[in-house]
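K.L.:
I'm passing along input_32.pdb; it holds PDB, C-alpha atoms, pLDDT in the B column.
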```pdb
ATOM      1  CA  MET A   1      10.580 -33.417  36.207  1.00 47.00           C
ATOM      2  CA  ILE A   2      12.338 -31.202  33.669  1.00 52.00           C
ATOM      3  CA  GLN A   3      11.874 -27.469  34.025  1.00 55.00           C
ATOM      4  CA  ARG A   4      11.505 -25.473  30.857  1.00 62.00           C
ATOM      5  CA  GLU A   5      13.657 -22.418  30.495  1.00 65.00           C
ATOM      6  CA  LYS A   6      11.678 -19.257  31.019  1.00 79.00           C
ATOM      7  CA  ARG A   7      11.538 -17.067  27.957  1.00 83.00           C
ATOM      8  CA  GLY A   8      13.104 -13.629  28.101  1.00 85.00           C
ATOM      9  CA  VAL A   9      15.480 -14.284  30.993  1.00 91.00           C
ATOM     10  CA  LYS A  10      18.650 -14.193  28.901  1.00 91.00           C
ATOM     11  CA  THR A  11      17.423 -11.141  27.009  1.00 92.00           C
ATOM     12  CA  LYS A  12      16.635  -9.244  30.201  1.00 93.00           C
ATOM     13  CA  LEU A  13      20.006 -10.203  31.671  1.00 95.00           C
ATOM     14  CA  LEU A  14      21.787  -8.926  28.560  1.00 94.00           C
ATOM     15  CA  GLY A  15      19.831  -5.669  28.837  1.00 96.00           C
ATOM     16  CA  VAL A  16      20.822  -5.199  32.479  1.00 96.00           C
ATOM     17  CA  VAL A  17      24.484  -5.852  31.660  1.00 96.00           C
ATOM     18  CA  MET A  18      24.366  -3.296  28.830  1.00 95.00           C
ATOM     19  CA  ILE A  19      22.776  -0.711  31.130  1.00 96.00           C
ATOM     20  CA  ILE A  20      25.372  -1.255  33.863  1.00 96.00           C
ATOM     21  CA  LEU A  21      28.284  -1.077  31.411  1.00 94.00           C
ATOM     22  CA  GLY A  22      26.901   2.071  29.814  1.00 93.00           C
ATOM     23  CA  VAL A  23      26.469   3.816  33.165  1.00 93.00           C
ATOM     24  CA  LEU A  24      29.922   2.794  34.410  1.00 93.00           C
ATOM     25  CA  ASP A  25      31.629   3.828  31.179  1.00 92.00           C
ATOM     26  CA  SER A  26      29.849   7.170  31.115  1.00 90.00           C
ATOM     27  CA  LEU A  27      30.854   7.856  34.720  1.00 90.00           C
ATOM     28  CA  LEU A  28      34.482   7.000  33.968  1.00 90.00           C
ATOM     29  CA  THR A  29      34.637   9.296  30.946  1.00 89.00           C
ATOM     30  CA  LEU A  30      32.968  12.063  32.930  1.00 85.00           C
ATOM     31  CA  ARG A  31      35.592  11.703  35.657  1.00 84.00           C
ATOM     32  CA  GLY A  32      38.300  11.920  33.011  1.00 80.00           C
ATOM     33  CA  GLY A  33      36.892  15.259  31.925  1.00 80.00           C
ATOM     34  CA  MET A  34      35.833  14.145  28.473  1.00 79.00           C
ATOM     35  CA  PRO A  35      32.093  13.429  28.427  1.00 72.00           C
ATOM     36  CA  ASN A  36      31.160  10.983  25.702  1.00 77.00           C
ATOM     37  CA  GLU A  37      27.589  10.630  24.483  1.00 81.00           C
ATOM     38  CA  LYS A  38      27.990   7.203  22.864  1.00 84.00           C
ATOM     39  CA  TYR A  39      27.610   5.518  26.256  1.00 88.00           C
ATOM     40  CA  ILE A  40      24.157   7.045  26.616  1.00 89.00           C
ATOM     41  CA  LEU A  41      23.249   5.118  23.462  1.00 92.00           C
ATOM     42  CA  LEU A  42      24.476   1.927  25.160  1.00 92.00           C
ATOM     43  CA  VAL A  43      22.176   2.612  28.124  1.00 93.00           C
ATOM     44  CA  VAL A  44      19.199   3.302  25.843  1.00 94.00           C
ATOM     45  CA  LEU A  45      19.838   0.121  23.848  1.00 95.00           C
ATOM     46  CA  GLY A  46      20.134  -1.826  27.104  1.00 96.00           C
ATOM     47  CA  ILE A  47      16.750  -0.512  28.212  1.00 96.00           C
ATOM     48  CA  ALA A  48      15.247  -1.499  24.852  1.00 97.00           C
ATOM     49  CA  VAL A  49      16.698  -5.023  25.075  1.00 95.00           C
ATOM     50  CA  TYR A  50      15.385  -5.365  28.634  1.00 95.00           C
ATOM     51  CA  ILE A  51      11.893  -4.314  27.511  1.00 95.00           C
ATOM     52  CA  ILE A  52      11.995  -6.903  24.711  1.00 94.00           C
ATOM     53  CA  GLY A  53      12.875  -9.586  27.271  1.00 93.00           C
ATOM     54  CA  ALA A  54      10.072  -8.459  29.563  1.00 92.00           C
ATOM     55  CA  VAL A  55       7.567  -8.650  26.707  1.00 93.00           C
ATOM     56  CA  ARG A  56       8.745 -12.149  25.812  1.00 89.00           C
ATOM     57  CA  ALA A  57       8.401 -13.242  29.444  1.00 87.00           C
ATOM     58  CA  GLY A  58       4.900 -11.769  29.580  1.00 84.00           C
ATOM     59  CA  ARG A  59       3.838 -13.649  26.471  1.00 78.00           C
ATOM     60  CA  GLN A  60       5.180 -16.893  27.928  1.00 64.00           C
ATOM     61  CA  SER A  61       3.259 -16.467  31.177  1.00 61.00           C
ATOM     62  CA  GLU A  62       0.031 -15.750  29.256  1.00 63.00           C
ATOM     63  CA  GLY A  63       0.513 -18.967  27.292  1.00 60.00           C
ATOM     64  CA  ALA A  64       1.089 -20.936  30.499  1.00 60.00           C
ATOM     65  CA  GLU A  65      -2.141 -19.609  32.016  1.00 58.00           C
ATOM     66  CA  GLU A  66      -4.106 -20.647  28.928  1.00 58.00           C
ATOM     67  CA  GLN A  67      -2.667 -24.165  29.011  1.00 59.00           C
ATOM     68  CA  THR A  68      -3.564 -24.722  32.657  1.00 60.00           C
ATOM     69  CA  SER A  69      -7.178 -23.598  32.203  1.00 53.00           C
TER      70      SER A  69
END
```
Please lay out the structure from this file as structure tokens.
P.N.:
Amino acid sequence: MIQREKRGVKTKLLGVVMIILGVLDSLLTLRGGMPNEKYILLVVLGIAVYIIGAVRAGRQSEGAEEQTS
């Protein structure tokens, strides 16, 4: 039995990685005394990418429910 890859998993993982990197980078620049706002943009983009992955996963699960009925 071959399992199909779930949709949105890679996208959500990329979003989480972007969020973590943005938070870590912003904390490091804050500790250095030079706050930098571009890392906040990285966090916001990571959240947006994660939401896109969650929507794709939701669409896939709706399609699976329709096929089983």
K.L.:
Take atom CA of A:Thr29 and atom CA of A:Ala48 and report the distance between them in Å, one decimal.
P.N.:
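Rounded to one decimal, the two atoms are 23.0 Å apart.
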K.L.:
Nearest to A:Lys12 among A:Gly58, A:Lys38, A:Val49, A:Leu28, with distances taken over only C-alpha atoms: which residue is it?
P.N.:
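Of the candidates, the smallest distance to A:Lys12 is held by A:Val49.
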K.L.:
Can you list, as a ChimeraX atom specification, every protein, DNA or RNA residue that comes within 8 Å of A:Ile47 when you count only C-alpha atoms, leaving out same-chain residues fewer than 2 positions away?
P.N.:
/A:15-16,19,43-45,49-51
K.L.:
Between A:Lys6, A:Thr11, A:Leu30, A:Val17, which one has atoms that come closest to A:Gly53, using all atoms listed in the file?
P.N.:
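When distances to A:Gly53 are compared using all atoms listed in the file, the smallest one comes from A:Thr11.
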K.L.:
With 3 Å on each side, where is the centre of the axis-aligned box around all listed atoms of stretch 33-36 of chain A, and how long are its edges in Å to one decimal, as AutoDock Vina command-line options?
P.N.:
```
--center_x 34.0 --center_y 13.1 --center_z 28.8 --size_x 11.7 --size_y 10.3 --size_z 12.2
```
K.L.:
Quick one: everything within 9 Å of A:Ile40, counting all atoms listed in the file, minus sequence neighbours fewer than 6 positions away in the same chain. Send it as a list in words.
P.N.:
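In the requested form, the answer reads Gly22, Val23 and Ser26 of chain A.
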K.L.:
Keeping C-alpha atoms for every residue in the selection just given, could you write it to a file as a CSV table (one decimal), in the frame of the given file?
P.N.:
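The resulting file, again.csv, is reproduced below:
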```csv
chain,number,residue,atom,x,y,z
A,22,GLY,CA,26.9,2.1,29.8
A,23,VAL,CA,26.5,3.8,33.2
A,26,SER,CA,29.8,7.2,31.1
```
K.L.:
May I ask for the distance between atom CA of A:Leu24 and atom CA of A:Ala54, given in Å to one decimal place?
P.N.:
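Spanning atom CA of A:Leu24 to atom CA of A:Ala54 is a straight-line distance of 23.3 Å.
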K.L.:
By how many Å are atom CA of A:Leu13 and atom CA of A:Leu27 apart?
P.N.:
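Going from atom CA of A:Leu13 over to atom CA of A:Leu27, I get 21.3 Å.
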K.L.:
Using only C-alpha atoms, which of the listed residues (A:Asp25, A:Gly32, A:Met18, A:Arg7) sits closest to A:Gly46?
P.N.:
A:Met18
K.L.:
Which one is closest to A:Ala57: A:Leu42, A:Val9, A:Leu14, A:Ile20? Count all atoms listed in the file.
P.N.:
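Between A:Leu42, A:Val9, A:Leu14, A:Ile20, the residue approaching A:Ala57 most closely is A:Val9.
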K.L.:
For each of A:Ile52, A:Leu41, A:Gly8, A:Met34, take the minimum atom-to-atom distance to A:Leu21, counting all atoms listed in the file, then give the residue where this is smallest.
P.N.:
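With all atoms listed in the file as the atom set, the closest residue is A:Leu41.
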